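The file entry.cif comes next; it holds mmCIF, C-alpha atoms and all ligand atoms.
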data_target
loop_
_atom_site.label_atom_id
_atom_site.label_comp_id
_atom_site.auth_asym_id
_atom_site.auth_seq_id
_atom_site.Cartn_x
_atom_site.Cartn_y
_atom_site.Cartn_z
CA MET U 34 93.51 131.01 99.52
CA VAL U 35 92.80 127.45 100.73
CA LYS U 36 90.30 127.14 103.57
CA PRO U 37 91.54 125.75 106.91
CA ARG U 38 91.11 122.02 107.40
CA LYS U 39 87.75 120.88 108.83
CA THR U 40 87.81 117.61 110.76
CA GLU U 41 85.74 114.89 109.05
CA THR U 42 82.10 115.03 110.10
CA GLY U 43 79.28 112.54 110.45
CA GLU U 44 78.58 113.27 106.80
CA GLY U 45 81.41 110.88 105.90
CA ILE U 46 80.69 107.34 104.78
CA GLN U 47 79.40 105.86 108.00
CA GLY U 48 75.83 104.61 107.86
CA GLU U 49 75.03 101.21 106.38
CA LEU U 50 73.21 102.79 103.44
CA ASP U 51 76.27 104.96 102.70
CA VAL U 52 78.44 101.84 102.83
CA ARG U 53 76.22 100.18 100.21
CA HIS U 54 76.26 103.31 98.02
CA TYR U 55 80.05 103.59 98.39
CA ASP U 56 80.50 99.93 97.47
CA ARG U 57 78.40 100.42 94.34
CA MET U 58 80.41 103.47 93.31
CA MET U 59 83.78 101.77 93.87
CA ARG U 60 82.58 98.65 92.05
CA ARG U 61 81.66 100.85 89.07
CA MET U 62 85.14 102.39 89.19
CA ARG U 63 86.70 98.93 89.38
CA ASP U 64 84.69 97.90 86.31
CA LYS U 65 86.01 100.94 84.42
CA GLY U 66 89.59 100.00 85.40
CA TRP U 67 89.93 103.11 87.58
CA ILE U 68 91.19 101.44 90.78
CA GLU U 69 94.73 102.72 90.79
CA THR U 70 97.29 100.08 91.74
CA ARG U 71 100.02 101.51 89.49
CA GLU U 72 101.61 103.76 92.13
CA ILE U 73 101.66 100.88 94.64
CA LEU U 74 103.47 98.58 92.21
CA LYS U 75 105.76 101.42 91.09
CA ALA U 76 106.74 101.93 94.73
CA GLY U 77 108.01 98.33 94.76
CA ILE U 78 105.10 97.00 96.81
CA ASP U 79 104.62 93.75 94.91
CA ARG U 80 105.51 90.81 97.14
CA GLY U 81 105.03 89.17 100.50
CA VAL U 82 102.45 90.06 103.12
CA ALA U 83 101.03 93.57 103.00
CA LEU U 84 98.94 95.59 105.43
CA GLU U 85 96.08 97.80 104.26
CA VAL U 86 94.53 100.39 106.57
CA GLY U 87 90.91 101.41 105.91
CA PRO U 88 90.19 99.11 102.92
CA GLY U 89 86.50 100.09 102.83
CA PRO U 90 84.82 97.67 100.38
CA GLY U 91 88.26 96.26 99.57
CA TYR U 92 88.70 96.85 95.82
CA LEU U 93 92.17 98.40 96.01
CA GLY U 94 93.68 95.52 97.98
CA LEU U 95 91.81 92.94 95.92
CA GLU U 96 93.08 94.45 92.67
CA TRP U 97 96.60 94.49 94.16
CA LEU U 98 96.27 90.77 94.98
CA LYS U 99 95.08 90.13 91.42
CA LYS U 100 98.14 91.88 89.94
CA THR U 101 100.72 90.20 92.18
CA THR U 102 101.64 86.57 92.78
CA GLY U 103 102.32 84.74 96.02
CA THR U 104 101.10 87.75 98.01
CA SER U 105 98.63 88.06 100.85
CA LEU U 106 96.95 90.93 102.63
CA LYS U 107 95.78 91.77 106.14
CA ALA U 108 93.49 94.77 106.37
CA VAL U 109 92.52 96.79 109.44
CA GLU U 110 89.14 98.52 109.07
CA ILE U 111 87.24 100.48 111.71
CA SER U 112 83.75 99.94 110.24
CA PRO U 113 82.12 96.51 110.71
CA ALA U 114 79.70 97.30 107.86
CA MET U 115 82.63 97.89 105.47
CA ILE U 116 84.28 94.65 106.63
CA GLU U 117 81.15 92.68 105.81
CA VAL U 118 81.08 94.09 102.28
CA ALA U 119 84.85 93.62 101.81
CA ARG U 120 84.64 89.96 102.84
CA ARG U 121 81.85 89.39 100.36
CA ASN U 122 83.87 91.09 97.61
CA ALA U 123 86.96 89.02 98.46
CA GLY U 124 84.81 85.91 98.04
CA GLU U 125 83.73 87.11 94.59
CA TYR U 126 87.37 87.54 93.57
CA GLY U 127 88.09 84.04 94.90
CA PHE U 128 90.61 85.58 97.31
CA SER U 129 89.10 84.73 100.70
CA GLY U 130 92.19 82.63 101.45
CA ARG U 131 94.60 85.49 100.61
CA VAL U 132 93.03 88.33 102.57
CA GLU U 133 92.05 88.78 106.19
CA TYR U 134 89.89 91.71 107.31
CA VAL U 135 90.29 92.65 110.95
CA GLU U 136 88.12 95.15 112.79
CA GLY U 137 90.32 97.73 114.42
CA ASP U 138 91.75 101.23 114.45
CA GLY U 139 94.85 102.09 112.45
CA GLY U 140 95.97 104.02 115.54
CA SER U 141 96.35 100.72 117.38
CA ILE U 142 97.10 98.03 114.78
CA PRO U 143 96.42 94.56 116.21
CA PHE U 144 99.59 92.99 114.81
CA GLU U 145 103.09 92.44 116.12
CA ASP U 146 106.18 94.54 115.31
CA ASN U 147 108.16 93.94 112.09
CA LEU U 148 105.54 91.64 110.52
CA PHE U 149 104.74 93.17 107.13
CA ASP U 150 106.73 93.45 103.92
CA ALA U 151 104.74 96.54 102.94
CA ALA U 152 101.76 98.71 103.84
CA PHE U 153 99.36 100.83 101.83
CA THR U 154 96.18 102.81 102.32
CA ASN U 155 94.06 105.05 100.12
CA GLY U 156 91.40 107.65 100.91
CA SER U 157 91.46 107.02 104.63
CA LEU U 158 94.07 109.43 106.04
CA HIS U 159 91.67 112.41 106.20
CA GLU U 160 89.38 110.33 108.46
CA TRP U 161 92.05 109.33 111.00
CA ALA U 162 91.32 110.94 114.36
CA GLU U 163 95.01 110.65 115.31
CA PRO U 164 97.02 110.49 112.09
CA GLN U 165 100.40 110.48 113.81
CA SER U 166 99.46 107.37 115.81
CA VAL U 167 98.48 105.60 112.58
CA PHE U 168 101.76 106.52 110.86
CA ARG U 169 103.72 105.34 113.93
CA GLU U 170 101.76 102.11 113.96
CA ILE U 171 102.30 101.46 110.24
CA TYR U 172 106.02 102.02 110.79
CA ARG U 173 106.07 99.70 113.83
CA VAL U 174 104.48 96.72 112.06
CA LEU U 175 106.68 97.01 108.95
CA LYS U 176 109.81 94.89 108.64
CA PRO U 177 113.03 96.91 108.35
CA GLY U 178 113.28 97.79 104.66
CA GLY U 179 109.48 97.50 104.31
CA LYS U 180 107.83 100.08 102.08
CA TYR U 181 104.70 102.14 102.76
CA LEU U 182 102.41 104.16 100.53
CA VAL U 183 99.60 106.43 101.71
CA SER U 184 97.41 108.22 99.18
CA ASP U 185 94.54 110.57 99.82
CA LEU U 186 92.70 113.63 98.58
CA ARG U 187 94.12 117.12 99.05
CA ARG U 188 92.15 120.25 99.92
CA ASP U 189 93.85 122.34 97.26
CA MET U 190 92.99 120.07 94.32
CA HIS U 191 92.22 121.92 91.08
CA PRO U 192 88.54 122.99 90.80
CA LEU U 193 88.22 120.95 87.59
CA VAL U 194 89.39 117.82 89.40
CA LYS U 195 86.91 118.58 92.18
CA TRP U 196 84.15 118.94 89.60
CA PHE U 197 85.15 115.63 87.97
CA MET U 198 85.11 113.81 91.31
CA HIS U 199 81.73 115.33 92.10
CA THR U 200 80.25 114.02 88.85
CA VAL U 201 81.57 110.46 89.32
CA THR U 202 80.37 110.35 92.94
CA LYS U 203 77.03 108.60 92.57
CA PRO U 204 74.40 108.24 93.83
CA LYS U 205 74.21 111.92 94.74
CA GLU U 206 73.32 111.03 98.35
CA ILE U 207 77.02 110.42 99.03
CA ARG U 208 78.19 113.74 97.56
CA PRO U 209 78.06 115.53 100.95
CA GLY U 210 80.51 112.82 102.09
CA LEU U 211 82.87 113.76 99.23
CA ARG U 212 82.66 117.46 100.13
CA SER U 213 83.38 116.83 103.81
CA SER U 214 86.22 114.45 102.86
CA ILE U 215 87.90 117.08 100.68
CA ALA U 216 87.48 119.69 103.44
CA ALA U 217 89.08 117.27 105.92
CA SER U 218 92.00 116.38 103.67
CA TYR U 219 95.52 117.76 104.08
CA LEU U 220 97.87 119.95 102.12
CA VAL U 221 101.33 118.61 101.25
CA GLU U 222 102.99 121.09 103.68
CA GLU U 223 100.67 120.03 106.53
CA ILE U 224 101.48 116.36 106.00
CA GLU U 225 105.20 117.04 105.79
CA ALA U 226 105.07 118.89 109.13
CA LEU U 227 102.99 116.12 110.70
CA LEU U 228 105.34 113.36 109.45
CA ARG U 229 108.46 115.18 110.62
CA GLU U 230 107.07 114.87 114.17
CA CYS U 231 106.22 111.17 114.07
CA LEU U 232 108.53 109.34 111.61
CA PRO U 233 112.31 109.13 111.70
CA GLY U 234 112.59 110.48 108.12
CA GLY U 235 113.05 108.91 104.73
CA PHE U 236 109.53 109.78 103.54
CA ARG U 237 108.49 111.61 100.42
CA VAL U 238 105.27 113.59 99.89
CA GLU U 239 104.16 114.32 96.33
CA LYS U 240 101.36 116.45 94.94
CA LYS U 241 99.24 114.53 92.43
CA ALA U 242 96.29 115.74 90.35
CA MET U 243 93.73 113.92 92.51
CA GLY U 244 95.50 114.27 95.83
CA LEU U 245 98.71 113.53 97.62
CA LEU U 246 101.03 110.55 97.76
CA ILE U 247 103.28 109.63 100.67
CA THR U 248 105.92 106.94 100.19
CA GLY U 249 108.81 105.72 102.30
CA THR U 250 110.83 102.81 103.59
CA LYS U 251 111.38 101.71 107.17
CA ALA U 252 115.03 102.10 108.12
CA GLY U 253 116.81 98.75 107.93
C1 LIG U 301 86.75 106.85 102.05
S1 LIG U 301 86.96 105.20 102.60
C2 LIG U 301 88.23 104.62 101.49
C3 LIG U 301 88.10 103.15 101.28
C4 LIG U 301 89.10 102.52 100.32
N1 LIG U 301 90.43 102.54 100.86
C5 LIG U 301 89.08 103.15 98.98
O1 LIG U 301 90.14 103.54 98.47
O2 LIG U 301 87.99 103.22 98.39
C6 LIG U 301 87.85 105.37 104.12
C7 LIG U 301 87.86 104.08 104.92
O3 LIG U 301 88.76 104.22 106.03
C8 LIG U 301 88.15 103.65 107.17
N2 LIG U 301 88.77 104.25 108.36
C9 LIG U 301 88.64 105.53 108.80
N3 LIG U 301 89.38 105.74 109.90
C10 LIG U 301 90.01 104.55 110.17
C11 LIG U 301 90.91 104.13 111.18
N4 LIG U 301 91.34 104.97 112.14
N5 LIG U 301 91.34 102.86 111.17
C12 LIG U 301 90.92 101.99 110.20
N6 LIG U 301 90.06 102.33 109.22
C13 LIG U 301 89.61 103.60 109.20
C14 LIG U 301 86.67 103.98 106.99
O4 LIG U 301 85.83 103.18 107.78
C15 LIG U 301 86.49 103.74 105.50
O5 LIG U 301 86.20 102.39 105.21
#
File written out as structure tokens:
Amino acid sequence: MVKPRKTETGEGIQGELDVRHYDRMMRRMRDKGWIETREILKAGIDRGVALEVGPGPGYLGLEWLKKTTGTSLKAVEISPAMIEVARRNAGEYGFSGRVEYVEGDGGSIPFEDNLFDAAFTNGSLHEWAEPQSVFREIYRVLKPGGKYLVSDLRRDMHPLVKWFMHTVTKPKEIRPGLRSSIAASYLVEEIEALLRECLPGGFRVEKKAMGLLITGTKAG
């Protein structure tokens, strides 16, 4: 029996020290080649101007830029401390001219309608205070025919996967953040019910080993 969802707590990655720890962990994962851009590319998100919601230290979007040509990225991030780190990382990649980090809430995206060719976000959904507003906003700013991909943890992940994630989450000071993130994450059925209320349809929710994957296309 899966426990009921517990809204993300202050134990998430919020303080500046946590941001530094999180950056170090994600950098280590990047160095091991574990930043997963495959699903994004497989979904046909490989050209034009993309939106990322909640980029954190930025590695996912930066790796996507590295694997695509002629692309650019605008990222909306709620934490100023994360934005500072992401900008520094973009500079290291030599991509400062291809990515723009904007402070803001995914529930109120500071861009006009029908602007983006695609949108993606990873590991952020469980933190959204109003997930339906964020999905509506992503849909609004996409061009007709634009694709979106949202990936996140899921509460019912296999205990072995949970154990694996626990061991790679270092330093151990950020492990409470992983636990609260898993507890705040959704089940596939919960997300399907939530999306049915806020999107016109055409989405797909898949169960993956590490979490869940939502993909779809804005009606053209
Ligand atoms: C666990 S981190 C994931 C970061 C990165 N996407 C990754 O895959 O490593 C979640 C990020 O989402 C951001 N976030 C949470 N709620 C948000 C919101 N409503 N709008 C924009 N960003 C948000 C957090 O500040 C944090 O940087």
What are the closest atom pairs, with distances in Å to one decimal, for each residue of segment 63-93 of chain U lying within 9 Å of segment 174-184 of chain U, using only C-alpha atoms, rows by chain and rising residue number, as CSV?
residue,atom,partner,partner_atom,distance
U:Glu72,CA,U:Leu182,CA,8.4
U:Ile73,CA,U:Leu182,CA,6.8
U:Ala76,CA,U:Leu182,CA,7.6
U:Gly77,CA,U:Lys180,CA,7.5
U:Ile78,CA,U:Lys180,CA,6.7
U:Ala83,CA,U:Leu175,CA,8.9
U:Leu84,CA,U:Leu175,CA,8.6
Name the residues in contact with Ile68 of chain U at a cut-off of 9 Å, using only C-alpha atoms, excluding same-chain residues fewer than 4 positions from it; report them as an MDAnalysis selection string. chainID U and resid 59 62:64 92:93 96
Once you count all atoms listed in the file, which residues end up within 7 Å of ligand LIG 301 (chain U), and could you hand them over as a list in words?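 Using all atoms listed in the file, I find these residues within 7 Å of ligand LIG 301 (chain U): Ile46, Gln47, Met59, Val86, Gly87, Pro88, Gly89, Pro90, Gly91, Tyr92, Leu93, Val109, Glu110, Ile111, Ser112, Met115, Gly137, Asp138, Gly139, Gly140, Thr154, Asn155, Gly156, Ser157, Glu160, Trp161 and Ala162 of chain U.
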Report as a ChimeraX atom specification all protein, DNA and RNA residues lying within 9 Å of Pro204 of chain U, evaluated on only C-alpha atoms, omitting residues in the same chain fewer than 4 positions from it. /U:54-55,57-58,208
Would you mind listing what lies within 10 Å of Gln165 of chain U as a PDB file with C-alpha atoms, in the coordinates of the input, with all atoms listed in the file counted and same-chain residues fewer than 2 positions away left out?
ATOM      1  CA  GLY U 140      95.970 104.020 115.540  1.00  0.00           C
ATOM      2  CA  TRP U 161      92.050 109.330 111.000  1.00  0.00           C
ATOM      3  CA  ALA U 162      91.320 110.940 114.360  1.00  0.00           C
ATOM      4  CA  GLU U 163      95.010 110.650 115.310  1.00  0.00           C
ATOM      5  CA  VAL U 167      98.480 105.600 112.580  1.00  0.00           C
ATOM      6  CA  PHE U 168     101.760 106.520 110.860  1.00  0.00           C
ATOM      7  CA  ARG U 169     103.720 105.340 113.930  1.00  0.00           C
ATOM      8  CA  GLU U 170     101.760 102.110 113.960  1.00  0.00           C
ATOM      9  CA  ILE U 171     102.300 101.460 110.240  1.00  0.00           C
ATOM     10  CA  ILE U 224     101.480 116.360 106.000  1.00  0.00           C
ATOM     11  CA  LEU U 227     102.990 116.120 110.700  1.00  0.00           C
ATOM     12  CA  LEU U 228     105.340 113.360 109.450  1.00  0.00           C
ATOM     13  CA  ARG U 229     108.460 115.180 110.620  1.00  0.00           C
ATOM     14  CA  GLU U 230     107.070 114.870 114.170  1.00  0.00           C
ATOM     15  CA  CYS U 231     106.220 111.170 114.070  1.00  0.00           C
ATOM     16  CA  LEU U 232     108.530 109.340 111.610  1.00  0.00           C
TER      17      LEU U 232
END
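Atom to atom, atom CA of Leu158 of chain U and atom CA of Asp185 of chain U stand 6.3 Å apart.
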Nearest to Ser218 of chain U, restricted to only C-alpha atoms and choosing among U:Leu98, U:Ile142, U:Val35, U:Val194, comes out as U:Val35
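Shell of Leu106 of chain U at 10 Å, with all atoms listed in the file counted and residues fewer than 6 places along the chain excluded, is Gly81, Val82, Ala83, Leu84, Glu85, Gly94, Leu95, Trp97, Leu98, Phe128, Gly130, Arg131, Val132, Glu133, Tyr134, Phe149, Ala151 and Ala152 of chain U.
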Any idea what's packed within 8 Å of Arg80 of chain U, counting all atoms listed in the file, ignoring anything in its chain fewer than 4 positions away? Could you give it as a PDB file with C-alpha atoms, in the coordinates of the input?
ATOM      1  CA  THR U 101     100.720  90.200  92.180  1.00  0.00           C
ATOM      2  CA  THR U 102     101.640  86.570  92.780  1.00  0.00           C
ATOM      3  CA  GLY U 103     102.320  84.740  96.020  1.00  0.00           C
ATOM      4  CA  THR U 104     101.100  87.750  98.010  1.00  0.00           C
ATOM      5  CA  ASP U 150     106.730  93.450 103.920  1.00  0.00           C
TER       6      ASP U 150
END
Just checking: using only C-alpha atoms, which residue out of U:Leu186, U:Ala123, U:Leu245, U:Ala226 ends up closest to Leu211 of chain U? U:Leu186
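Take atom CA of Ala217 of chain U and atom CA of Ala119 of chain U: the distance between them is 24.4 Å.
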Could you tell me which of U:Lys241, U:Ala216, U:Gly253, U:Gly234 comes closest to Lys39 of chain U if we count all atoms listed in the file?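 Residue with the minimum atom-to-atom distance to Lys39 of chain U: U:Ala216.
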So how many Å separate atom CA of Arg188 of chain U and atom CA of Ala242 of chain U, to one decimal? 11.4 Å
Using all atoms listed in the file for the distances, tell me which of U:Ala114, U:Val221, U:Met243, U:Ile207 is nearest to His191 of chain U.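 Going through U:Ala114, U:Val221, U:Met243, U:Ile207 one by one, the smallest distance to His191 of chain U is for U:Met243.
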For Lys240 of chain U, which of U:Thr202, U:Glu223, U:Arg187, U:Ala108 is the closest residue, counting all atoms listed in the file? U:Arg187
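If you measure from each of U:Leu220, U:Glu49, U:Ser141, U:Lys75 to Pro113 of chain U using all atoms listed in the file, the closest one turns out to be U:Glu49.
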What would the list of residues within 8 Å of (82.4, 116.5, 97.4) (file frame) look like as a ChimeraX atom specification, if only C-alpha atoms are what count? /U:195,198-199,202,208-215
